[in-house]
$ cat my_file-v7.cif   # mmCIF, C-alpha atoms and all ligand atoms
data_start
#
loop_
_atom_site.label_atom_id
_atom_site.label_comp_id
_atom_site.auth_asym_id
_atom_site.auth_seq_id
_atom_site.Cartn_x
_atom_site.Cartn_y
_atom_site.Cartn_z
CA MET A 272 0.00 0.00 0.00
CA SER A 273 2.89 2.34 -0.71
CA SER A 274 0.72 4.63 -2.86
CA LEU A 275 -2.07 4.96 -0.32
CA LYS A 276 0.42 5.50 2.46
CA THR A 277 1.65 8.70 0.81
CA THR A 278 -1.56 9.96 -0.86
CA ASP A 279 -3.97 9.40 2.03
CA PRO A 280 -2.20 8.62 5.29
CA GLN A 281 -5.47 8.92 7.23
CA VAL A 282 -7.22 6.08 5.42
CA TYR A 283 -3.94 4.12 5.35
CA LYS A 284 -3.76 4.40 9.15
CA PHE A 285 -7.31 3.08 9.56
CA ILE A 286 -6.61 0.08 7.30
CA LYS A 287 -3.44 -0.72 9.22
CA GLY A 288 -5.37 -0.37 12.48
CA GLU A 289 -7.98 -2.84 11.27
CA GLU A 290 -5.22 -5.24 10.19
CA GLN A 291 -3.77 -5.16 13.70
CA ARG A 292 -7.20 -5.66 15.26
CA GLN A 293 -7.82 -8.71 13.09
CA LYS A 294 -4.33 -10.10 13.68
CA LEU A 295 -4.29 -9.72 17.47
CA GLY A 296 -7.86 -10.77 18.18
CA MET A 297 -10.17 -13.73 17.75
CA GLU A 298 -13.12 -13.47 15.38
CA LEU A 299 -16.11 -15.41 16.62
CA ILE A 300 -18.81 -13.50 14.68
CA ALA A 301 -20.60 -16.37 12.94
CA SER A 302 -21.13 -14.39 9.73
CA GLU A 303 -17.51 -13.30 9.28
CA ASN A 304 -14.49 -14.93 7.71
CA TYR A 305 -11.05 -14.10 6.29
CA VAL A 306 -10.70 -14.17 2.50
CA SER A 307 -7.58 -15.42 0.78
CA PRO A 308 -4.91 -13.05 -0.61
CA SER A 309 -6.13 -14.04 -4.11
CA VAL A 310 -9.69 -12.89 -3.34
CA LEU A 311 -8.26 -9.63 -1.96
CA GLU A 312 -6.22 -9.13 -5.14
CA ALA A 313 -9.27 -9.64 -7.39
CA LEU A 314 -11.25 -7.20 -5.22
CA GLY A 315 -8.56 -4.57 -5.58
CA SER A 316 -8.27 -5.07 -9.34
CA VAL A 317 -9.01 -2.71 -12.25
CA PHE A 318 -12.37 -4.45 -12.80
CA THR A 319 -13.64 -1.82 -10.34
CA ASN A 320 -13.27 0.73 -13.17
CA LYS A 321 -15.74 -1.00 -15.47
CA TYR A 322 -19.45 -0.51 -16.07
CA SER A 323 -21.22 -3.62 -17.36
CA GLU A 324 -25.00 -3.29 -17.04
CA GLY A 325 -26.68 -6.35 -18.49
CA TYR A 326 -25.44 -9.92 -18.63
CA PRO A 327 -22.58 -11.70 -20.46
CA GLY A 328 -23.10 -11.26 -24.20
CA ARG A 329 -25.91 -8.74 -23.61
CA ARG A 330 -24.46 -5.52 -22.19
CA TYR A 331 -25.38 -1.88 -22.49
CA TYR A 332 -21.75 -0.70 -22.65
CA GLY A 333 -18.79 -1.59 -24.85
CA GLY A 334 -15.48 -3.11 -23.83
CA GLN A 335 -16.88 -6.22 -22.17
CA GLU A 336 -14.55 -8.93 -23.38
CA PHE A 337 -13.01 -9.62 -19.97
CA THR A 338 -16.02 -8.76 -17.80
CA ASP A 339 -18.12 -11.22 -19.83
CA ALA A 340 -15.45 -13.88 -19.39
CA VAL A 341 -15.08 -13.40 -15.65
CA GLU A 342 -18.83 -13.23 -14.95
CA SER A 343 -19.43 -16.34 -17.06
CA LEU A 344 -16.72 -18.14 -15.13
CA ALA A 345 -18.27 -17.13 -11.78
CA ILE A 346 -21.68 -18.33 -13.01
CA GLU A 347 -20.36 -21.70 -14.22
CA ARG A 348 -18.46 -22.30 -10.99
CA ALA A 349 -21.49 -21.34 -8.87
CA LYS A 350 -23.74 -23.71 -10.83
CA LYS A 351 -21.28 -26.56 -10.38
CA LEU A 352 -20.89 -25.90 -6.67
CA PHE A 353 -24.64 -25.83 -5.96
CA ARG A 354 -25.64 -28.31 -8.72
CA CYS A 355 -28.33 -26.05 -10.21
CA ASP A 356 -29.56 -24.69 -13.55
CA HIS A 357 -28.82 -21.03 -13.08
CA ALA A 358 -26.77 -18.56 -11.06
CA ASN A 359 -27.08 -14.80 -10.90
CA VAL A 360 -23.87 -13.48 -9.33
CA GLN A 361 -24.74 -9.78 -9.53
CA PRO A 362 -26.61 -9.11 -6.23
CA LEU A 363 -24.55 -6.59 -4.31
CA SER A 364 -25.16 -8.44 -1.05
CA GLY A 365 -27.47 -10.85 0.77
CA ALA A 366 -30.28 -8.36 1.38
CA PRO A 367 -30.49 -7.25 -2.28
CA ALA A 368 -30.50 -10.92 -3.32
CA ASN A 369 -33.56 -11.63 -1.15
CA ILE A 370 -35.33 -8.46 -2.26
CA ALA A 371 -34.71 -9.32 -5.93
CA VAL A 372 -36.39 -12.72 -5.40
CA TYR A 373 -39.41 -11.15 -3.69
CA PHE A 374 -39.83 -8.76 -6.62
CA ALA A 375 -39.30 -11.55 -9.15
CA TRP A 376 -42.17 -13.65 -7.84
CA LEU A 377 -44.53 -11.60 -5.66
CA GLU A 378 -47.16 -8.92 -6.23
CA PRO A 379 -47.69 -6.26 -3.53
CA GLY A 380 -49.71 -7.77 -0.68
CA ASP A 381 -48.59 -11.35 -1.36
CA THR A 382 -47.58 -13.52 1.57
CA VAL A 383 -44.21 -15.06 2.50
CA LEU A 384 -43.93 -17.68 5.24
CA GLY A 385 -40.53 -17.48 6.95
CA MET A 386 -38.84 -18.30 10.23
CA ASP A 387 -39.58 -16.10 13.24
CA LEU A 388 -36.76 -13.62 13.73
CA THR A 389 -36.12 -14.42 17.40
CA HIS A 390 -36.05 -18.12 16.50
CA GLY A 391 -33.19 -17.54 14.07
CA GLY A 392 -34.71 -15.96 10.92
CA HIS A 393 -33.13 -12.90 9.32
CA LEU A 394 -34.16 -9.25 9.18
CA THR A 395 -34.60 -9.52 5.40
CA HIS A 396 -37.25 -12.19 5.91
CA GLY A 397 -39.77 -9.48 6.63
CA SER A 398 -38.86 -7.77 9.86
CA PRO A 399 -41.40 -4.99 10.46
CA VAL A 400 -38.58 -2.43 10.28
CA THR A 401 -37.78 -3.31 6.63
CA HIS A 402 -39.35 -1.70 3.57
CA MET A 403 -40.27 -5.18 2.33
CA ALA A 404 -42.66 -5.58 5.27
CA LYS A 405 -44.62 -2.56 3.96
CA LEU A 406 -45.03 -4.19 0.56
CA PHE A 407 -45.52 -7.86 1.34
CA ASN A 408 -47.23 -9.82 4.09
CA PHE A 409 -44.73 -11.87 6.14
CA VAL A 410 -46.04 -14.62 8.39
CA ARG A 411 -44.00 -16.85 10.69
CA TYR A 412 -43.11 -20.32 11.78
CA LYS A 413 -41.09 -21.20 14.87
CA MET A 414 -39.28 -24.05 16.59
CA LYS A 415 -41.58 -26.48 18.34
CA ASP A 416 -39.00 -27.24 20.98
CA VAL A 417 -36.16 -24.84 21.68
CA GLU A 418 -34.36 -27.58 23.60
CA THR A 419 -33.91 -29.68 20.43
CA GLY A 420 -34.37 -27.02 17.75
CA GLU A 421 -37.01 -29.01 15.92
CA ILE A 422 -39.16 -26.74 13.77
CA ASP A 423 -42.91 -26.96 14.35
CA TYR A 424 -43.87 -28.43 10.97
CA ASP A 425 -47.50 -29.05 12.02
CA GLU A 426 -47.89 -25.36 12.81
CA LEU A 427 -46.02 -24.46 9.62
CA ARG A 428 -48.54 -26.51 7.62
CA LYS A 429 -51.46 -24.96 9.51
CA VAL A 430 -50.24 -21.40 8.85
CA ALA A 431 -49.47 -22.25 5.20
CA ARG A 432 -52.99 -23.62 4.65
CA LYS A 433 -54.54 -20.56 6.25
CA GLU A 434 -52.33 -17.82 4.80
CA LYS A 435 -51.64 -19.32 1.32
CA PRO A 436 -48.09 -17.96 1.00
CA LYS A 437 -46.56 -17.54 -2.44
CA ILE A 438 -43.10 -18.31 -1.01
CA ILE A 439 -42.09 -20.65 1.81
CA LEU A 440 -38.71 -19.48 3.03
CA ALA A 441 -36.18 -21.70 4.78
CA GLY A 442 -33.16 -19.88 6.10
CA PHE A 443 -31.72 -18.28 9.15
CA SER A 444 -28.86 -16.38 10.70
CA ALA A 445 -29.04 -17.74 14.23
CA TYR A 446 -30.36 -21.32 14.04
CA PRO A 447 -27.89 -24.06 15.00
CA ARG A 448 -29.75 -27.04 13.52
CA GLU A 449 -30.74 -28.22 10.03
CA PRO A 450 -34.29 -27.72 8.69
CA ASP A 451 -36.22 -30.63 7.16
CA TYR A 452 -36.30 -29.38 3.57
CA ALA A 453 -38.39 -32.33 2.36
CA LYS A 454 -41.19 -31.50 4.82
CA MET A 455 -41.12 -27.84 3.83
CA LYS A 456 -41.24 -28.68 0.15
CA ALA A 457 -44.20 -31.04 0.69
CA ILE A 458 -46.11 -28.29 2.51
CA ALA A 459 -45.24 -25.77 -0.21
CA ASP A 460 -46.55 -28.16 -2.87
CA GLU A 461 -49.75 -28.61 -0.90
CA VAL A 462 -50.48 -24.87 -0.87
CA GLY A 463 -48.98 -23.95 -4.26
CA ALA A 464 -46.01 -21.96 -2.92
CA ILE A 465 -42.50 -21.91 -4.33
CA THR A 466 -39.60 -22.77 -2.02
CA MET A 467 -36.71 -20.45 -1.32
CA ALA A 468 -33.75 -21.22 0.93
CA ASP A 469 -31.67 -18.32 2.23
CA MET A 470 -28.44 -20.19 2.84
CA ALA A 471 -26.33 -17.08 3.54
CA HIS A 472 -24.78 -18.59 6.65
CA ILE A 473 -24.26 -22.17 5.59
CA ALA A 474 -23.52 -21.95 1.83
CA GLY A 475 -19.92 -23.05 2.37
CA LEU A 476 -21.04 -26.05 4.41
CA ILE A 477 -23.55 -27.00 1.70
CA VAL A 478 -21.14 -26.84 -1.23
CA ALA A 479 -18.65 -28.90 0.76
CA GLY A 480 -21.30 -31.57 1.31
CA VAL A 481 -21.25 -31.14 5.09
CA LEU A 482 -24.88 -29.98 5.19
CA LYS A 483 -27.78 -30.85 2.89
CA ASN A 484 -28.42 -29.00 -0.35
CA PRO A 485 -32.04 -27.74 -0.53
CA PHE A 486 -32.00 -28.32 -4.31
CA ASP A 487 -31.78 -32.06 -3.59
CA PHE A 488 -35.25 -31.75 -2.03
CA GLY A 489 -36.82 -29.92 -4.95
CA PHE A 490 -36.33 -26.35 -3.72
CA ASN A 491 -36.74 -23.71 -6.45
CA ILE A 492 -34.35 -21.00 -5.28
CA ILE A 493 -31.32 -20.54 -3.05
CA THR A 494 -30.14 -17.08 -2.08
CA THR A 495 -26.85 -16.60 -0.30
CA THR A 496 -24.19 -14.17 0.70
CA THR A 497 -20.75 -15.01 -0.59
CA HIS A 498 -18.75 -13.79 2.41
CA LYS A 499 -19.69 -16.08 5.28
CA THR A 500 -18.83 -19.80 5.32
CA LEU A 501 -18.36 -19.59 1.53
CA ARG A 502 -15.33 -17.36 2.29
CA GLY A 503 -15.58 -15.01 -0.67
CA PRO A 504 -15.88 -11.23 -0.99
CA ARG A 505 -18.87 -9.38 0.51
CA GLY A 506 -21.69 -10.00 -1.93
CA GLY A 507 -24.81 -11.95 -2.80
CA MET A 508 -25.96 -14.55 -5.28
CA ILE A 509 -29.20 -16.18 -6.42
CA LEU A 510 -29.28 -19.79 -7.61
CA SER A 511 -32.30 -21.33 -9.22
CA MET A 512 -33.80 -24.25 -11.06
CA GLY A 513 -35.71 -23.84 -14.31
CA LYS A 514 -35.40 -22.82 -17.91
CA VAL A 515 -32.67 -20.29 -18.69
CA SER A 516 -33.48 -17.82 -21.45
CA ASN A 517 -32.58 -14.31 -22.58
CA PRO A 518 -32.60 -12.23 -19.36
CA LEU A 519 -33.43 -9.06 -21.23
CA LYS A 520 -36.71 -10.41 -22.64
CA ALA A 521 -39.93 -10.55 -20.60
CA VAL A 522 -41.31 -14.01 -19.84
CA GLU A 523 -44.47 -15.40 -18.30
CA LYS A 524 -44.52 -15.78 -14.49
CA THR A 525 -44.10 -19.55 -14.20
CA VAL A 526 -41.92 -21.73 -11.97
CA GLU A 527 -40.11 -22.94 -15.09
CA ASN A 528 -39.16 -19.35 -15.91
CA LEU A 529 -37.74 -18.52 -12.46
CA PRO A 530 -34.12 -18.06 -13.66
CA THR A 531 -35.19 -15.45 -16.20
CA LEU A 532 -37.59 -13.75 -13.78
CA ILE A 533 -34.73 -13.51 -11.28
CA ASP A 534 -32.26 -12.12 -13.82
CA ARG A 535 -34.76 -9.48 -14.90
CA SER A 536 -35.53 -8.65 -11.29
CA VAL A 537 -31.85 -8.08 -10.43
CA PHE A 538 -31.26 -6.05 -13.59
CA PRO A 539 -32.95 -3.92 -14.84
CA GLY A 540 -35.60 -4.33 -12.12
CA PHE A 541 -33.60 -3.51 -9.02
CA GLN A 542 -29.87 -2.86 -9.46
CA GLY A 543 -27.75 -0.92 -11.91
CA GLY A 544 -24.22 -1.89 -12.95
CA PRO A 545 -22.76 -4.94 -11.22
CA HIS A 546 -19.52 -4.53 -9.28
CA MET A 547 -17.18 -6.44 -11.55
CA ASN A 548 -14.20 -6.45 -9.18
CA ASN A 549 -16.53 -8.21 -6.77
CA THR A 550 -17.69 -10.64 -9.46
CA ALA A 551 -14.04 -11.48 -10.21
CA ALA A 552 -13.42 -12.08 -6.50
CA LYS A 553 -16.52 -14.29 -6.33
CA ALA A 554 -15.13 -16.36 -9.21
CA VAL A 555 -11.85 -16.78 -7.31
CA ALA A 556 -13.62 -17.79 -4.09
CA PHE A 557 -15.83 -20.30 -5.93
CA GLY A 558 -12.70 -21.78 -7.50
CA GLU A 559 -11.23 -22.16 -4.01
CA ALA A 560 -14.44 -23.77 -2.75
CA MET A 561 -14.17 -26.43 -5.48
CA LYS A 562 -10.84 -27.69 -4.13
CA PRO A 563 -10.69 -30.77 -1.88
CA SER A 564 -9.08 -28.63 0.83
CA PHE A 565 -12.33 -26.65 1.14
CA LYS A 566 -14.17 -29.83 2.14
CA VAL A 567 -11.60 -30.41 4.87
CA TYR A 568 -12.05 -26.81 5.98
CA ALA A 569 -15.85 -27.04 6.10
CA ARG A 570 -15.77 -30.30 8.08
CA GLN A 571 -13.41 -28.68 10.57
CA ILE A 572 -15.73 -25.67 10.99
CA VAL A 573 -18.46 -27.99 12.28
CA LYS A 574 -16.08 -30.10 14.41
CA ASN A 575 -14.82 -26.86 15.95
CA ALA A 576 -18.34 -25.55 16.59
CA LYS A 577 -19.34 -28.81 18.28
CA ALA A 578 -16.23 -28.71 20.48
CA MET A 579 -16.86 -25.08 21.47
CA ALA A 580 -20.52 -25.77 22.20
CA ASP A 581 -19.64 -28.84 24.25
CA GLU A 582 -17.08 -26.95 26.31
CA LEU A 583 -19.40 -23.99 26.92
CA MET A 584 -22.09 -26.36 28.19
CA LYS A 585 -19.53 -28.20 30.37
CA GLN A 586 -18.66 -24.82 31.87
CA GLY A 587 -22.32 -24.32 32.79
CA CYS A 588 -23.55 -22.19 29.87
CA LYS A 589 -27.04 -22.55 28.44
CA LEU A 590 -27.09 -22.89 24.64
CA ILE A 591 -30.23 -22.60 22.54
CA THR A 592 -31.07 -26.11 21.21
CA ASN A 593 -28.36 -27.46 23.55
CA GLY A 594 -25.65 -27.59 20.89
CA THR A 595 -25.09 -27.19 17.18
CA ASP A 596 -25.01 -29.05 13.87
CA ASN A 597 -23.47 -26.20 11.90
CA HIS A 598 -20.97 -23.40 12.41
CA LEU A 599 -22.81 -21.35 15.04
CA MET A 600 -24.30 -21.45 18.50
CA VAL A 601 -26.48 -19.06 20.48
CA MET A 602 -25.85 -18.69 24.19
CA ASP A 603 -28.55 -17.52 26.58
CA CYS A 604 -26.44 -15.05 28.58
CA ILE A 605 -29.15 -14.30 31.13
CA LYS A 606 -29.35 -17.98 32.04
CA SER A 607 -25.59 -18.48 31.77
CA PHE A 608 -24.27 -15.40 33.57
CA GLY A 609 -27.23 -13.28 34.71
CA ILE A 610 -26.35 -10.45 32.27
CA ASP A 611 -27.55 -9.66 28.74
CA GLY A 612 -25.81 -10.42 25.44
CA LYS A 613 -24.76 -6.83 24.84
CA GLU A 614 -22.84 -6.77 28.11
CA VAL A 615 -21.12 -10.09 27.37
CA GLU A 616 -20.21 -8.85 23.87
CA GLN A 617 -18.61 -5.75 25.44
CA ILE A 618 -16.71 -7.77 28.04
CA LEU A 619 -15.33 -10.07 25.34
CA ASP A 620 -14.31 -7.05 23.24
CA LYS A 621 -12.10 -6.08 26.17
CA ILE A 622 -10.15 -9.33 25.94
CA GLY A 623 -9.89 -9.34 22.12
CA ILE A 624 -12.68 -11.82 21.36
CA THR A 625 -15.24 -10.42 18.90
CA THR A 626 -18.81 -11.74 19.03
CA SER A 627 -22.32 -10.49 18.28
CA LYS A 628 -25.27 -10.19 20.62
CA SER A 629 -28.36 -12.10 19.53
CA THR A 630 -31.97 -12.55 20.46
CA VAL A 631 -33.06 -15.87 21.94
CA PRO A 632 -36.42 -17.45 20.97
CA ASP A 633 -39.30 -15.17 22.03
CA ASP A 634 -36.76 -12.90 23.72
CA PRO A 635 -38.37 -10.62 26.32
CA LEU A 636 -35.43 -8.18 25.96
CA PRO A 637 -35.02 -5.62 23.13
CA PRO A 638 -32.84 -6.42 20.07
CA PHE A 639 -30.16 -3.89 21.02
CA ALA A 640 -29.61 -5.50 24.42
CA PRO A 641 -31.00 -9.00 23.90
CA SER A 642 -30.64 -12.07 26.10
CA GLY A 643 -28.23 -13.96 23.86
CA LEU A 644 -24.85 -14.02 22.21
CA ARG A 645 -24.06 -15.71 18.89
CA LEU A 646 -20.71 -17.42 18.42
CA GLY A 647 -19.30 -19.05 15.29
CA THR A 648 -16.19 -20.87 14.13
CA PRO A 649 -15.70 -20.17 10.35
CA ALA A 650 -13.08 -17.45 10.82
CA MET A 651 -10.90 -19.10 13.44
CA THR A 652 -11.05 -22.36 11.47
CA THR A 653 -9.67 -20.46 8.46
CA ARG A 654 -6.74 -19.46 10.68
CA GLY A 655 -6.06 -23.13 11.33
CA MET A 656 -7.47 -23.62 14.81
CA LYS A 657 -8.76 -27.01 15.89
CA GLU A 658 -11.02 -28.44 18.61
CA LYS A 659 -8.56 -27.95 21.49
CA HIS A 660 -8.27 -24.25 20.65
CA MET A 661 -12.06 -23.93 20.61
CA ARG A 662 -12.23 -25.43 24.09
CA GLN A 663 -9.65 -22.92 25.28
CA ILE A 664 -11.59 -20.02 23.73
CA ALA A 665 -14.79 -21.27 25.41
CA LYS A 666 -13.00 -21.21 28.77
CA TRP A 667 -11.82 -17.64 28.15
CA VAL A 668 -15.39 -16.59 27.29
CA VAL A 669 -16.71 -18.05 30.54
CA ASP A 670 -13.83 -16.73 32.66
CA ALA A 671 -14.23 -13.23 31.24
CA ALA A 672 -17.98 -13.19 31.91
CA HIS A 673 -17.54 -14.42 35.49
CA GLU A 674 -14.57 -12.16 36.24
CA ARG A 675 -16.01 -9.13 34.44
CA LYS A 676 -15.41 -6.80 37.38
CA ASN A 677 -11.81 -7.90 37.85
CA SER A 678 -9.68 -5.80 35.50
CA LYS A 679 -6.52 -7.70 36.48
CA VAL A 680 -8.02 -11.00 35.32
CA LEU A 681 -9.37 -9.42 32.11
CA LYS A 682 -5.90 -8.05 31.35
CA LYS A 683 -4.37 -11.49 31.84
CA LEU A 684 -7.01 -13.09 29.60
CA LYS A 685 -6.38 -10.51 26.89
CA LYS A 686 -2.66 -11.31 26.97
CA GLU A 687 -3.40 -15.01 26.52
CA VAL A 688 -5.84 -14.28 23.64
CA VAL A 689 -3.23 -12.16 21.85
CA GLU A 690 -0.54 -14.81 22.34
CA MET A 691 -2.66 -17.54 20.80
CA SER A 692 -3.94 -15.25 18.01
CA LEU A 693 -0.37 -14.52 16.94
CA GLN A 694 0.27 -18.24 16.47
CA PHE A 695 -2.47 -18.34 13.78
CA PRO A 696 -1.84 -15.71 11.09
CA VAL A 697 -4.71 -14.07 9.24
CA PRO A 698 -4.49 -14.76 5.48
CA GLY A 699 -3.24 -11.64 3.71
CA ILE A 700 -1.87 -9.97 6.86
CA LYS A 701 1.83 -10.19 7.67
C1 LIG B 801 -29.69 -15.42 6.41
C2 LIG B 801 -29.20 -14.09 5.94
N1 LIG B 801 -29.75 -13.53 4.86
C3 LIG B 801 -29.36 -12.33 4.41
C4 LIG B 801 -28.37 -11.62 5.03
C5 LIG B 801 -28.04 -10.25 4.53
O1 LIG B 801 -26.80 -10.20 3.97
P1 LIG B 801 -26.05 -8.78 3.74
O2 LIG B 801 -25.70 -8.28 5.09
O3 LIG B 801 -24.88 -9.18 2.91
O4 LIG B 801 -27.00 -7.90 3.01
C6 LIG B 801 -27.75 -12.16 6.15
C7 LIG B 801 -26.68 -11.41 6.83
O5 LIG B 801 -26.33 -11.56 7.93
C8 LIG B 801 -28.18 -13.43 6.63
O6 LIG B 801 -27.65 -13.97 7.72
#
$ encode --input "my_file-v7.cif" --output "structure tokens"
Amino acid sequence: MSSLKTTDPQVYKFIKGEEQRQKLGMELIASENYVSPSVLEALGSVFTNKYSEGYPGRRYYGGQEFTDAVESLAIERAKKLFRCDHANVQPLSGAPANIAVYFAWLEPGDTVLGMDLTHGGHLTHGSPVTHMAKLFNFVRYKMKDVETGEIDYDELRKVARKEKPKIILAGFSAYPREPDYAKMKAIADEVGAITMADMAHIAGLIVAGVLKNPFDFGFNIITTTTHKTLRGPRGGMILSMGKVSNPLKAVEKTVENLPTLIDRSVFPGFQGGPHMNNTAAKAVAFGEAMKPSFKVYARQIVKNAKAMADELMKQGCKLITNGTDNHLMVMDCIKSFGIDGKEVEQILDKIGITTSKSTVPDDPLPPFAPSGLRLGTPAMTTRGMKEKHMRQIAKWVVDAAHERKNSKVLKKLKKEVVEMSLQFPVPGIK
């Protein structure tokens, strides 16, 4: 960064500060990861200079020989990874990907049946604070038993029969178990809904074969971010099954035409020019996810999460669903330590462990100071940590929460966190 260092020392200083923060601390935010130096290089490439509205072979600007090639490559790799008919790699992030699907399939006032937000669903699945909630009618399903995490499929069917949703949405950002996609698909067929899976959190685990692929159960659409377990640049993507045709020509609203409806919804319906540096970086990340080493990585993410969950429970913590089958866990901090998730997040910040507060099912506390804390293992697994390190981190989390008033202990814990962090370099940071 020799140029930036001289032309804009202020921004340079902030980037260097963030590098140090990442290097010296432990990242347990379940939705974060560290990209490879190759992904960083593609992100910082001259593709950022290029406008390319449209799709490969059908653009509104000239000079597209390399943008067409790189977007086509990203699309082909995405299709192979998810084993589907079509991929749109242009959504700028996870939220725009979901919104583009809603606009592709719904009319104002139509209903979507998705997971309750405090039970693990995401804001973009129709939280009342989103614009989408003003346009569409979002109704909810929940877990039947928060001790096991089993979704209440009887209730889901009841609500579906009553509300006649146009989309049944599987997907979550704080659910540690795996949904029964076959049951959801059967209910959707019964009421004439299409099925959409927002796999933002677990896309990497799906493409590695560690978790089930909703397409294997007849799902119509998968939306995902590309920057979580998939370990690519910040961005979104929509995968679908159906007939692929010219995205710039209108088609009838049928399930078969979903790929084209989605393309048209992303552009020109919703977004302008795609961010081609990001598309190039997605292509690189998808290439990395195709390698056998990615399977090993994904398996280790889950092994690490299980070890961390086990240790936290051994240390007396209460976890929602009493464990995990994926990369994340949600701790009930009120039951574990008698304080809310925001306070635990702040205590852990003090010792260099970064986490995110989270609601627990039917949380009586407000979202900004909720009862829970979400922890995840994708990032520290990228740095090479294994089960024994996860158990050590779990002990630090518990010690810090118990000893929160003892600054001497917190200082000692921080020193230990930094020492271990330095043994596991962050990709791309010296
Ligand atoms: C399930 C799910 N969907 C969508 C999103 C939104 O993604 P983004 O923040 O990239 O817009 C997230 C982000 O956390 C998520 O967890």
$ residues_near_ligand --input "my_file-v7.cif" --ligand "ligand LIG 801 (chain B)" --cutoff "8 Å" --atoms "all atoms listed in the file" --output "list in words"
Ser302, Leu363, Ser364, Gly365, Ala366, Pro367, Ala368, Asn369, Gly392, His393, Leu394, Thr395, His396, Gly442, Phe443, Ser444, Ala445, Asp469, Met470, Ala471, His472, Thr494, Thr495, Thr496, Thr497, His498, Arg505, Gly506 and Gly507 of chain A
$ closest_residue --input "my_file-v7.cif" --among "A:Glu418, A:Glu426, A:Asp451, A:Asp611" --to "A:Thr592" --atoms "only C-alpha atoms"
A:Glu418
$ closest_residue --input "my_file-v7.cif" --among "A:Tyr322, A:Tyr332, A:Phe337, A:Tyr373" --to "A:Ala551" --atoms "all atoms listed in the file"
A:Phe337
$ atom_distance --input "my_file-v7.cif" --atom1 "atom CA of A:Lys429" --atom2 "atom CA of A:Glu378"
22.9 Å
$ residues_around --input "my_file-v7.cif" --residues "A:Lys433" --least-positions-apart "4" --cutoff "12 Å" --atoms "only C-alpha atoms" --output "ChimeraX atom specification"
/A:382,384,410,426-429,461-462
$ write_last_selection --input "my_file-v7.cif" --atoms "C-alpha atoms" --output "compact mmCIF listing (two decimals), in the frame of the given file"
# COMPACT_ATOMS: atom_id res chain seq x y z
CA THR A 382 -47.58 -13.52 1.57
CA LEU A 384 -43.93 -17.68 5.24
CA VAL A 410 -46.04 -14.62 8.39
CA GLU A 426 -47.89 -25.36 12.81
CA LEU A 427 -46.02 -24.46 9.62
CA ARG A 428 -48.54 -26.51 7.62
CA LYS A 429 -51.46 -24.96 9.51
CA GLU A 461 -49.75 -28.61 -0.90
CA VAL A 462 -50.48 -24.87 -0.87
$ closest_residue --input "my_file-v7.cif" --among "A:Lys676, A:Lys514, A:Lys657, A:His390" --to "A:Val526" --atoms "all atoms listed in the file"
A:Lys514
$ residues_around --input "my_file-v7.cif" --residues "A:Gly385" --least-positions-apart "5" --cutoff "7 Å" --atoms "all atoms listed in the file" --output "list in words"
His396, Val410, Arg411, Tyr412, Ile439, Leu440 and Ala441 of chain A
$ residues_around --input "my_file-v7.cif" --residues "stretch 579-586 of chain A" --least-positions-apart "2" --cutoff "8 Å" --atoms "all atoms listed in the file" --output "list in words"
Asn575, Ala576, Lys577, Cys588, Lys589, Leu590, Asn593, Gly594, Thr595, Met600, Glu658, Met661, Arg662, Ile664, Ala665, Lys666 and Val669 of chain A
$ write_last_selection --input "my_file-v7.cif" --atoms "C-alpha atoms" --output "tab-separated table (two decimals), keeping the file's coordinate frame"
chain	number	residue	atom	x	y	z
A	575	ASN	CA	-14.82	-26.86	15.95
A	576	ALA	CA	-18.34	-25.55	16.59
A	577	LYS	CA	-19.34	-28.81	18.28
A	588	CYS	CA	-23.55	-22.19	29.87
A	589	LYS	CA	-27.04	-22.55	28.44
A	590	LEU	CA	-27.09	-22.89	24.64
A	593	ASN	CA	-28.36	-27.46	23.55
A	594	GLY	CA	-25.65	-27.59	20.89
A	595	THR	CA	-25.09	-27.19	17.18
A	600	MET	CA	-24.30	-21.45	18.50
A	658	GLU	CA	-11.02	-28.44	18.61
A	661	MET	CA	-12.06	-23.93	20.61
A	662	ARG	CA	-12.23	-25.43	24.09
A	664	ILE	CA	-11.59	-20.02	23.73
A	665	ALA	CA	-14.79	-21.27	25.41
A	666	LYS	CA	-13.00	-21.21	28.77
A	669	VAL	CA	-16.71	-18.05	30.54
$ atom_distance --input "my_file-v7.cif" --atom1 "atom CA of A:Ala340" --atom2 "atom CA of A:Glu324"
14.5 Å
$ residues_near_point --input "my_file-v7.cif" --point "(-45.8, -7.6, -0.7)" --cutoff "8 Å" --atoms "only C-alpha atoms" --output "VMD selection string"
chain A and resid 373 377 to 382 403 to 408
$ closest_residue --input "my_file-v7.cif" --among "A:Ile473, A:Ala371, A:Ala521, A:Ala464" --to "A:Asn359" --atoms "only C-alpha atoms"
A:Ala371
$ closest_residue --input "my_file-v7.cif" --among "A:Gly296, A:Pro399, A:Pro504, A:Gly623" --to "A:Ala671" --atoms "all atoms listed in the file"
A:Gly623
